[in-house]
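Colleague: Got a structure for you, work.pdb, holding PDB, C-alpha atoms.
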```pdb
MODEL        1
ATOM      1  CA  MET A   1     -24.274 -20.785   4.079
ATOM      2  CA  ALA A   2     -24.470 -21.004   7.858
ATOM      3  CA  ALA A   3     -27.335 -19.239   9.581
ATOM      4  CA  LEU A   4     -26.504 -15.785  10.841
ATOM      5  CA  ARG A   5     -25.825 -15.618  14.560
ATOM      6  CA  SER A   6     -27.180 -12.181  15.282
ATOM      7  CA  HIS A   7     -26.851 -10.143  18.460
ATOM      8  CA  GLU A   8     -29.155  -8.273  20.810
ATOM      9  CA  MET A   9     -27.593  -4.850  20.501
ATOM     10  CA  ARG A  10     -29.982  -2.108  19.361
ATOM     11  CA  PHE A  11     -29.648   1.620  18.763
ATOM     12  CA  PRO A  12     -31.956   4.453  19.854
ATOM     13  CA  SER A  13     -35.228   4.615  17.880
ATOM     14  CA  GLU A  14     -34.184   2.061  15.268
ATOM     15  CA  THR A  15     -37.065   0.483  13.357
ATOM     16  CA  ARG A  16     -37.771  -3.139  12.476
ATOM     17  CA  ARG A  17     -37.181  -2.230   8.844
ATOM     18  CA  TYR A  18     -33.749  -0.878   9.690
ATOM     19  CA  ARG A  19     -32.882  -3.938  11.802
ATOM     20  CA  ALA A  20     -33.960  -6.377   9.087
ATOM     21  CA  ALA A  21     -31.852  -4.567   6.479
ATOM     22  CA  ARG A  22     -28.925  -4.277   8.867
ATOM     23  CA  ASN A  23     -29.021  -7.999   9.636
ATOM     24  CA  ARG A  24     -28.927  -8.813   5.920
ATOM     25  CA  LEU A  25     -25.913  -6.555   5.601
ATOM     26  CA  LEU A  26     -24.356  -8.117   8.706
ATOM     27  CA  GLU A  27     -24.566 -11.535   7.087
ATOM     28  CA  ALA A  28     -22.868 -10.192   3.952
ATOM     29  CA  GLU A  29     -20.154  -8.570   6.090
ATOM     30  CA  ARG A  30     -19.517 -11.804   7.911
ATOM     31  CA  ASP A  31     -19.210 -13.671   4.619
ATOM     32  CA  LEU A  32     -16.858 -11.015   3.278
ATOM     33  CA  ARG A  33     -14.671 -11.356   6.371
ATOM     34  CA  LYS A  34     -14.403 -15.087   5.737
ATOM     35  CA  ARG A  35     -13.598 -14.545   2.065
ATOM     36  CA  VAL A  36     -10.896 -11.988   2.868
ATOM     37  CA  GLU A  37      -9.202 -14.519   5.145
ATOM     38  CA  GLN A  38      -9.549 -17.269   2.539
ATOM     39  CA  VAL A  39      -7.744 -15.083  -0.003
ATOM     40  CA  ALA A  40      -5.094 -14.193   2.594
ATOM     41  CA  VAL A  41      -4.473 -17.907   3.189
ATOM     42  CA  LEU A  42      -4.003 -18.463  -0.549
ATOM     43  CA  ARG A  43      -1.579 -15.554  -0.656
ATOM     44  CA  ARG A  44       0.447 -16.907   2.265
ATOM     45  CA  LYS A  45       0.681 -20.300   0.528
ATOM     46  CA  LEU A  46       2.391 -18.875  -2.548
ATOM     47  CA  PRO A  47       5.722 -20.571  -3.268
ATOM     48  CA  LEU A  48       8.783 -18.365  -3.436
ATOM     49  CA  GLY A  49       9.106 -16.510  -6.701
ATOM     50  CA  GLY A  50      12.273 -15.909  -8.646
ATOM     51  CA  GLN A  51      15.517 -14.865  -7.012
ATOM     52  CA  ILE A  52      16.311 -11.175  -7.514
ATOM     53  CA  PRO A  53      18.590 -10.708 -10.553
ATOM     54  CA  GLU A  54      20.875  -8.313  -8.676
ATOM     55  CA  ASP A  55      21.257  -6.722  -5.265
ATOM     56  CA  TYR A  56      19.833  -3.348  -6.311
ATOM     57  CA  VAL A  57      21.561  -0.210  -5.056
ATOM     58  CA  PHE A  58      19.398   2.733  -3.950
ATOM     59  CA  GLU A  59      20.186   6.137  -2.505
ATOM     60  CA  GLU A  60      18.806   6.945   0.939
ATOM     61  CA  GLY A  61      18.804  10.215   2.822
ATOM     62  CA  ALA A  62      17.450  11.184   6.233
ATOM     63  CA  THR A  63      14.488  13.579   6.360
ATOM     64  CA  ASP A  64      15.854  15.095   9.571
ATOM     65  CA  LEU A  65      16.946  18.658   8.768
ATOM     66  CA  ALA A  66      19.947  18.237  11.066
ATOM     67  CA  ASP A  67      21.187  15.557   8.685
ATOM     68  CA  ALA A  68      19.984  17.250   5.508
ATOM     69  CA  LYS A  69      23.012  16.569   3.296
ATOM     70  CA  THR A  70      23.780  12.945   4.163
ATOM     71  CA  VAL A  71      23.149  10.489   1.332
ATOM     72  CA  ARG A  72      24.193   6.863   1.487
ATOM     73  CA  ALA A  73      24.058   3.889  -0.851
ATOM     74  CA  VAL A  74      21.784   1.088   0.339
ATOM     75  CA  ARG A  75      21.398  -2.334  -1.241
ATOM     76  CA  LEU A  76      18.116  -4.229  -1.315
ATOM     77  CA  SER A  77      19.668  -6.819   0.983
ATOM     78  CA  ASP A  78      20.439  -4.056   3.514
ATOM     79  CA  LEU A  79      16.699  -3.424   3.932
ATOM     80  CA  PHE A  80      16.286  -6.726   5.791
ATOM     81  CA  ARG A  81      16.833  -6.435   9.539
ATOM     82  CA  GLU A  82      18.024  -9.216  11.814
ATOM     83  CA  GLY A  83      15.290 -11.790  12.362
ATOM     84  CA  LEU A  84      12.834 -10.176   9.908
ATOM     85  CA  ASP A  85      12.893 -11.967   6.566
ATOM     86  CA  THR A  86      10.037 -10.208   4.755
ATOM     87  CA  LEU A  87      10.308  -6.882   2.950
ATOM     88  CA  VAL A  88       7.464  -4.808   1.472
ATOM     89  CA  VAL A  89       8.460  -2.183  -1.105
ATOM     90  CA  TYR A  90       6.002   0.349  -2.506
ATOM     91  CA  SER A  91       6.841   2.044  -5.808
ATOM     92  CA  PHE A  92       5.900   5.719  -5.526
ATOM     93  CA  MET A  93       4.901   7.473  -8.774
ATOM     94  CA  PHE A  94       7.264  10.456  -8.662
ATOM     95  CA  ASP A  95       9.953  10.745 -11.321
ATOM     96  CA  LEU A  96      11.756  13.627 -12.991
ATOM     97  CA  ASN A  97       9.171  13.820 -15.778
ATOM     98  CA  MET A  98       6.411  14.549 -13.244
ATOM     99  CA  LYS A  99       5.935  18.133 -12.101
ATOM    100  CA  GLN A 100       4.450  16.900  -8.849
ATOM    101  CA  ALA A 101       4.070  13.637  -6.981
ATOM    102  CA  CYS A 102       1.079  11.409  -7.663
ATOM    103  CA  PRO A 103      -1.712  12.531  -5.269
ATOM    104  CA  MET A 104      -3.090   8.980  -4.987
ATOM    105  CA  CYS A 105       0.307   7.528  -4.073
ATOM    106  CA  THR A 106       0.847  10.394  -1.651
ATOM    107  CA  SER A 107      -2.433   9.645   0.138
ATOM    108  CA  PHE A 108      -1.493   5.986   0.428
ATOM    109  CA  ILE A 109       1.998   6.785   1.726
ATOM    110  CA  ASP A 110       0.529   9.253   4.253
ATOM    111  CA  SER A 111      -1.187   6.249   5.810
ATOM    112  CA  LEU A 112       1.894   4.026   5.479
ATOM    113  CA  ASN A 113       3.885   6.565   7.470
ATOM    114  CA  GLY A 114       1.525   6.192  10.428
ATOM    115  CA  THR A 115       1.400   2.408  10.102
ATOM    116  CA  ALA A 116       5.154   1.890   9.714
ATOM    117  CA  PRO A 117       6.169   1.825  13.425
ATOM    118  CA  HIS A 118       3.631  -0.942  14.038
ATOM    119  CA  PHE A 119       4.238  -2.865  10.816
ATOM    120  CA  GLU A 120       7.979  -2.900  11.322
ATOM    121  CA  GLN A 121       7.587  -4.978  14.453
ATOM    122  CA  ARG A 122       6.777  -7.831  12.072
ATOM    123  CA  ALA A 123       8.378  -7.025   8.700
ATOM    124  CA  ASN A 124      10.505  -4.521   6.799
ATOM    125  CA  LEU A 125       9.071  -1.637   4.777
ATOM    126  CA  ALA A 126      10.431   0.821   2.209
ATOM    127  CA  VAL A 127       9.140   3.317  -0.358
ATOM    128  CA  VAL A 128      11.014   3.689  -3.656
ATOM    129  CA  ALA A 129      10.749   6.472  -6.249
ATOM    130  CA  LYS A 130      12.615   7.299  -9.457
ATOM    131  CA  SER A 131      13.247  10.895  -8.330
ATOM    132  CA  PRO A 132      16.694  12.031  -7.165
ATOM    133  CA  ILE A 133      17.049  11.551  -3.427
ATOM    134  CA  ASN A 134      17.090  15.268  -2.596
ATOM    135  CA  ARG A 135      13.834  15.887  -4.444
ATOM    136  CA  LEU A 136      12.238  12.901  -2.767
ATOM    137  CA  ARG A 137      13.550  13.946   0.632
ATOM    138  CA  ASP A 138      12.244  17.520   0.263
ATOM    139  CA  PHE A 139       8.792  16.259  -0.656
ATOM    140  CA  ALA A 140       8.793  13.824   2.264
ATOM    141  CA  ARG A 141       9.640  16.615   4.716
ATOM    142  CA  GLY A 142       6.646  18.587   3.480
ATOM    143  CA  ARG A 143       4.406  15.597   4.216
ATOM    144  CA  ALA A 144       6.047  14.938   7.612
ATOM    145  CA  TRP A 145       6.954  11.397   6.576
ATOM    146  CA  SER A 146       9.246  10.586   9.450
ATOM    147  CA  HIS A 147       8.758   6.814   9.878
ATOM    148  CA  LEU A 148       9.563   5.532   6.390
ATOM    149  CA  ARG A 149      12.685   4.379   4.584
ATOM    150  CA  LEU A 150      12.564   6.532   1.421
ATOM    151  CA  LEU A 151      14.813   5.370  -1.390
ATOM    152  CA  SER A 152      15.742   6.745  -4.785
ATOM    153  CA  SER A 153      15.909   4.208  -7.586
ATOM    154  CA  ALA A 154      17.090   6.846 -10.094
ATOM    155  CA  HIS A 155      20.276   4.898 -10.829
ATOM    156  CA  SER A 156      18.958   1.322 -10.821
ATOM    157  CA  THR A 157      16.657  -0.856 -12.903
ATOM    158  CA  TYR A 158      14.533  -1.864  -9.905
ATOM    159  CA  ASN A 159      11.426   0.011 -11.092
ATOM    160  CA  ARG A 160      11.575  -1.513 -14.545
ATOM    161  CA  ASP A 161      12.339  -5.032 -13.337
ATOM    162  CA  TYR A 162       9.562  -5.109 -10.727
ATOM    163  CA  HIS A 163       6.946  -3.190 -12.698
ATOM    164  CA  GLY A 164       7.034   0.127 -10.895
ATOM    165  CA  GLU A 165       7.600   1.530 -14.371
ATOM    166  CA  SER A 166       6.149   0.690 -17.778
ATOM    167  CA  PRO A 167       8.378  -0.138 -20.765
ATOM    168  CA  GLU A 168       7.660   3.403 -21.992
ATOM    169  CA  GLY A 169       8.920   4.898 -18.728
ATOM    170  CA  GLY A 170       5.546   5.694 -17.169
ATOM    171  CA  GLN A 171       5.349   5.193 -13.425
ATOM    172  CA  VAL A 172       3.198   2.385 -11.984
ATOM    173  CA  PRO A 173       2.001   2.228  -8.333
ATOM    174  CA  SER A 174       3.292  -1.264  -7.569
ATOM    175  CA  LEU A 175       3.656  -2.976  -4.216
ATOM    176  CA  ASN A 176       6.127  -5.863  -4.071
ATOM    177  CA  VAL A 177       6.952  -8.325  -1.318
ATOM    178  CA  PHE A 178      10.348 -10.012  -1.057
ATOM    179  CA  VAL A 179      11.452 -12.865   1.187
ATOM    180  CA  ARG A 180      14.939 -13.732   2.433
ATOM    181  CA  SER A 181      15.444 -17.486   2.571
ATOM    182  CA  ALA A 182      18.658 -19.511   2.989
ATOM    183  CA  GLY A 183      20.744 -16.411   2.378
ATOM    184  CA  LYS A 184      19.004 -15.539  -0.910
ATOM    185  CA  ILE A 185      16.309 -12.984  -1.674
ATOM    186  CA  HIS A 186      13.251 -14.039  -3.650
ATOM    187  CA  HIS A 187      10.282 -12.170  -5.012
ATOM    188  CA  PHE A 188       7.076 -13.340  -3.314
ATOM    189  CA  TYR A 189       4.119 -11.144  -4.297
ATOM    190  CA  HIS A 190       3.049  -8.206  -6.425
ATOM    191  CA  THR A 191      -0.307  -6.414  -6.386
ATOM    192  CA  GLU A 192      -1.038  -7.648  -9.899
ATOM    193  CA  LEU A 193      -4.638  -6.447  -9.916
ATOM    194  CA  VAL A 194      -3.118  -3.183 -11.171
ATOM    195  CA  PHE A 195      -2.551  -4.924 -14.520
ATOM    196  CA  LEU A 196      -6.170  -6.056 -14.906
ATOM    197  CA  PRO A 197      -8.943  -3.733 -16.087
ATOM    198  CA  GLY A 198     -11.202  -2.597 -13.280
ATOM    199  CA  ASP A 199     -14.791  -3.776 -13.104
ATOM    200  CA  ARG A 200     -17.461  -1.330 -14.219
ATOM    201  CA  GLY A 201     -17.464   1.730 -11.985
ATOM    202  CA  GLN A 202     -14.212   0.711 -10.293
ATOM    203  CA  ASN A 203     -10.504   1.138 -10.796
ATOM    204  CA  GLN A 204      -8.081  -1.728 -10.175
ATOM    205  CA  ARG A 205      -8.226  -1.398  -6.339
ATOM    206  CA  HIS A 206      -4.983  -3.350  -6.118
ATOM    207  CA  ILE A 207      -3.839  -1.824  -2.799
ATOM    208  CA  ASP A 208      -7.220  -0.844  -1.356
ATOM    209  CA  MET A 209      -7.086  -3.425   1.432
ATOM    210  CA  ALA A 210      -4.094  -1.519   2.858
ATOM    211  CA  TRP A 211      -5.498   1.981   2.228
ATOM    212  CA  PRO A 212      -7.597   3.365   5.123
ATOM    213  CA  LEU A 213      -9.097   6.239   3.103
ATOM    214  CA  TRP A 214     -11.221   4.104   0.802
ATOM    215  CA  ASN A 215     -12.160   1.576   3.460
ATOM    216  CA  LEU A 216     -13.353   4.356   5.761
ATOM    217  CA  LEU A 217     -15.399   5.935   2.957
ATOM    218  CA  ASP A 218     -17.025   2.543   2.352
ATOM    219  CA  PHE A 219     -18.684   2.906   5.785
ATOM    220  CA  THR A 220     -20.496   6.080   4.708
ATOM    221  CA  PRO A 221     -23.817   6.430   2.844
ATOM    222  CA  GLU A 222     -22.044   8.463   0.157
ATOM    223  CA  GLY A 223     -19.413   5.787  -0.378
ATOM    224  CA  ARG A 224     -16.298   6.399  -2.433
ATOM    225  CA  GLY A 225     -18.125   8.122  -5.250
ATOM    226  CA  THR A 226     -16.927   7.975  -8.845
ATOM    227  CA  ASP A 227     -15.461  11.430  -9.382
ATOM    228  CA  TRP A 228     -13.564  12.272  -6.175
ATOM    229  CA  PHE A 229      -9.915  11.483  -5.621
ATOM    230  CA  PRO A 230      -7.398  12.666  -3.019
ATOM    231  CA  ARG A 231      -5.358  15.783  -3.695
ATOM    232  CA  LEU A 232      -1.979  16.949  -2.474
ATOM    233  CA  SER A 233      -3.629  19.804  -0.558
ATOM    234  CA  TYR A 234      -7.079  21.200   0.216
ATOM    235  CA  LYS A 235      -8.363  24.722   0.662
ATOM    236  CA  LYS A 236      -9.061  25.555   4.289
TER     237      LYS A 236
ENDMDL
END
```
So, in terms of structure tokens, how does the structure I just supplied come out?

Modeller:
Amino acid sequence: MAALRSHEMRFPSETRRYRAARNRLLEAERDLRKRVEQVAVLRRKLPLGGQIPEDYVFEEGATDLADAKTVRAVRLSDLFREGLDTLVVYSFMFDLNMKQACPMCTSFIDSLNGTAPHFEQRANLAVVAKSPINRLRDFARGRAWSHLRLLSSAHSTYNRDYHGESPEGGQVPSLNVFVRSAGKIHHFYHTELVFLPGDRGQNQRHIDMAWPLWNLLDFTPEGRGTDWFPRLSYKK
């Protein structure tokens, strides 16, 4: 392990004890940064996965109230824009058997909505749910999701095929990446940590690297905690 190259910055009234502990943490943070990039390199080196078995058809509807009744059929291939050959699709846990949307998925998609205008400069993004398009669209309006392509997979096998749904019909919060190459669409990546048991005191954390909420809480002395999770609304 290379020696830590520290810095001269100090904060008001900090003690030597604090600085020594902070420097130990700084070294761990630097090593974590390197490890995160090493894993990202391995991910980028994945070969193309299998070609999609069909060009799935989804229903899409605008969240703009002025266009409240328009619903159109959209194929998976239609989600790729000119010159952008990567597509990220998040499977949102919200089907007809659920009285309300998954609060955890909702928190994650809240952040995706803000990220989408930036992300879509580099790649394509969509959110898919098994709910009918009008139900999905009404929920999205209530969350002010205005930057996302929201698709209903109610009439396709996409969720089942790409593990956004269990064989028993339960919803699974999966994130898939697809790549368009030589005119064909291939699967590239899935957040498969969701299928592994979490370590002690943790859940699977399969999408945590893309979820600002948990990463921000990790900066605090309280941390994430073990018994708090996001909700759909909070008392004011």

Colleague: Tell me which protein, DNA and RNA residues are within 12 Å of A:Glu120, counting only C-alpha atoms, leaving out same-chain ones fewer than 2 positions away, and put them as a PyMOL selection string.

Modeller: chain A and resi 79-88+112-118+122-126+147-149

Colleague: Would you output that residue set with C-alpha atoms, as a tab-separated table (two decimals), keeping the file's coordinate frame?

Modeller:
```tsv
chain	number	residue	atom	x	y	z
A	79	LEU	CA	16.70	-3.42	3.93
A	80	PHE	CA	16.29	-6.73	5.79
A	81	ARG	CA	16.83	-6.44	9.54
A	82	GLU	CA	18.02	-9.22	11.81
A	83	GLY	CA	15.29	-11.79	12.36
A	84	LEU	CA	12.83	-10.18	9.91
A	85	ASP	CA	12.89	-11.97	6.57
A	86	THR	CA	10.04	-10.21	4.76
A	87	LEU	CA	10.31	-6.88	2.95
A	88	VAL	CA	7.46	-4.81	1.47
A	112	LEU	CA	1.89	4.03	5.48
A	113	ASN	CA	3.88	6.56	7.47
A	114	GLY	CA	1.52	6.19	10.43
A	115	THR	CA	1.40	2.41	10.10
A	116	ALA	CA	5.15	1.89	9.71
A	117	PRO	CA	6.17	1.82	13.42
A	118	HIS	CA	3.63	-0.94	14.04
A	122	ARG	CA	6.78	-7.83	12.07
A	123	ALA	CA	8.38	-7.02	8.70
A	124	ASN	CA	10.50	-4.52	6.80
A	125	LEU	CA	9.07	-1.64	4.78
A	126	ALA	CA	10.43	0.82	2.21
A	147	HIS	CA	8.76	6.81	9.88
A	148	LEU	CA	9.56	5.53	6.39
A	149	ARG	CA	12.68	4.38	4.58
```

Colleague: Enumerate, as a ChimeraX atom specification, the residues matched when the PyMOL selection byres ((chain A and resi 95) around 9) is run on the file above.

Modeller: /A:92-94,96-101,129-132,154,170-171

Colleague: In Å, rounded to a single decimal, give me how far atom CA of A:Val172 is from atom CA of A:Ala40.

Modeller: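 These atoms are spaced 23.6 Å apart.
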
Colleague: Which residue, A:Leu151, A:Met9, A:Leu175, A:Val57, has the smallest gap to A:Ala210 when you use only C-alpha atoms?

Modeller: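 Under the stated criterion, the closest residue is A:Leu175.
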
Colleague: Pick the closest to A:Cys102 from A:Leu232, A:Val36, A:Leu42, A:Val128: which is it, counting all atoms listed in the file?

Modeller: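 Among the listed residues, the smallest separation from A:Cys102 belongs to A:Leu232.
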
Colleague: I need the residue set behind the PyMOL selection byres ((chain A and resi 76) around 7) for this file; please write it as an MDAnalysis selection string.

Modeller: chainID A and resid 55:57 74:75 77:79

Colleague: I'd like the interatomic distance between atom CA of A:Thr70 and atom CA of A:Arg141, to a tenth of an Å.

Modeller: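 One can read the atom CA of A:Thr70 to atom CA of A:Arg141 distance as 14.6 Å.
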
Colleague: Can you list what the PyMOL selection byres ((chain A and resi 176-182) around 7) grabs from this structure, as a list of chain:residue names?

Modeller: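 Given this file, the PyMOL selection byres ((chain A and resi 176-182) around 7) evaluates to A:Asp85, A:Thr86, A:Leu87, A:Val88, A:Val89, A:Tyr90, A:Ser174, A:Leu175, A:Gly183, A:Lys184, A:Ile185, A:His186, A:His187, A:Phe188, A:Tyr189, A:His190, A:Thr191.
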
Colleague: Quick one: of A:His163, A:Lys236, A:Arg231, A:Lys34, who's nearest to A:Cys105, counting only C-alpha atoms?

Modeller: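 Among the listed residues, the smallest separation from A:Cys105 belongs to A:Arg231.
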
Colleague: Between atom CA of A:Leu213 and atom CA of A:Phe58, measure the distance and give it in Å to one decimal.

Modeller: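 Answer for the atom CA of A:Leu213 to atom CA of A:Phe58 separation: 29.6 Å.
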
Colleague: Within 9 Å of A:Asp110, counting all atoms listed in the file, which residues show up once you throw out same-chain ones fewer than 5 positions away? Write them as a list in words, please.

Modeller: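 Listing them by chain and then by number gives Cys105, Arg143, Ala144 and Trp145 of chain A.
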
Colleague: Would you mind listing what lies within 10 Å of A:Leu196 as an mmCIF file with C-alpha atoms, in the frame of the given file, with only C-alpha atoms counted and same-chain residues fewer than 5 positions away left out?

Modeller:
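selection.cif, freshly written:
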```cif
data_model
loop_
_atom_site.group_PDB
_atom_site.id
_atom_site.type_symbol
_atom_site.label_atom_id
_atom_site.label_comp_id
_atom_site.auth_asym_id
_atom_site.auth_seq_id
_atom_site.Cartn_x
_atom_site.Cartn_y
_atom_site.Cartn_z
ATOM 1 C CA ASN A 203 -10.504 1.138 -10.796
ATOM 2 C CA GLN A 204 -8.081 -1.728 -10.175
ATOM 3 C CA ARG A 205 -8.226 -1.398 -6.339
ATOM 4 C CA HIS A 206 -4.983 -3.350 -6.118
#
```

Colleague: Please, what is the axis-aligned box for every listed atom of stretch 128-136 of chain A with 4 Å on each side, as centre and edge lengths in Å to one decimal, as AutoDock Vina command-line options?

Modeller:
```
--center_x 13.9 --center_y 9.8 --center_z -6.0 --size_x 14.3 --size_y 20.2 --size_z 14.9
```

Colleague: Counting all atoms listed in the file, figure out which residue out of A:Glu8, A:Glu59, A:Asp161, A:Glu222 gets nearest to A:Val127.

Modeller: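 Smallest separation from A:Val127 among the options: A:Glu59.
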
Colleague: For stretch 224-228 of chain A, list every protein, DNA or RNA residue within 8 Å, evaluated using only C-alpha atoms, and leave out those in the same chain fewer than 6 positions away; present the list as a PDB file with C-alpha atoms, keeping the file's coordinate frame.

Modeller:
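around.pdb was written with the following content:
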```pdb
ATOM      1  CA  GLY A 201     -17.464   1.730 -11.985  1.00  0.00           C
ATOM      2  CA  GLN A 202     -14.212   0.711 -10.293  1.00  0.00           C
ATOM      3  CA  TRP A 214     -11.221   4.104   0.802  1.00  0.00           C
ATOM      4  CA  LEU A 217     -15.399   5.935   2.957  1.00  0.00           C
ATOM      5  CA  ASP A 218     -17.025   2.543   2.352  1.00  0.00           C
TER       6      ASP A 218
END
```
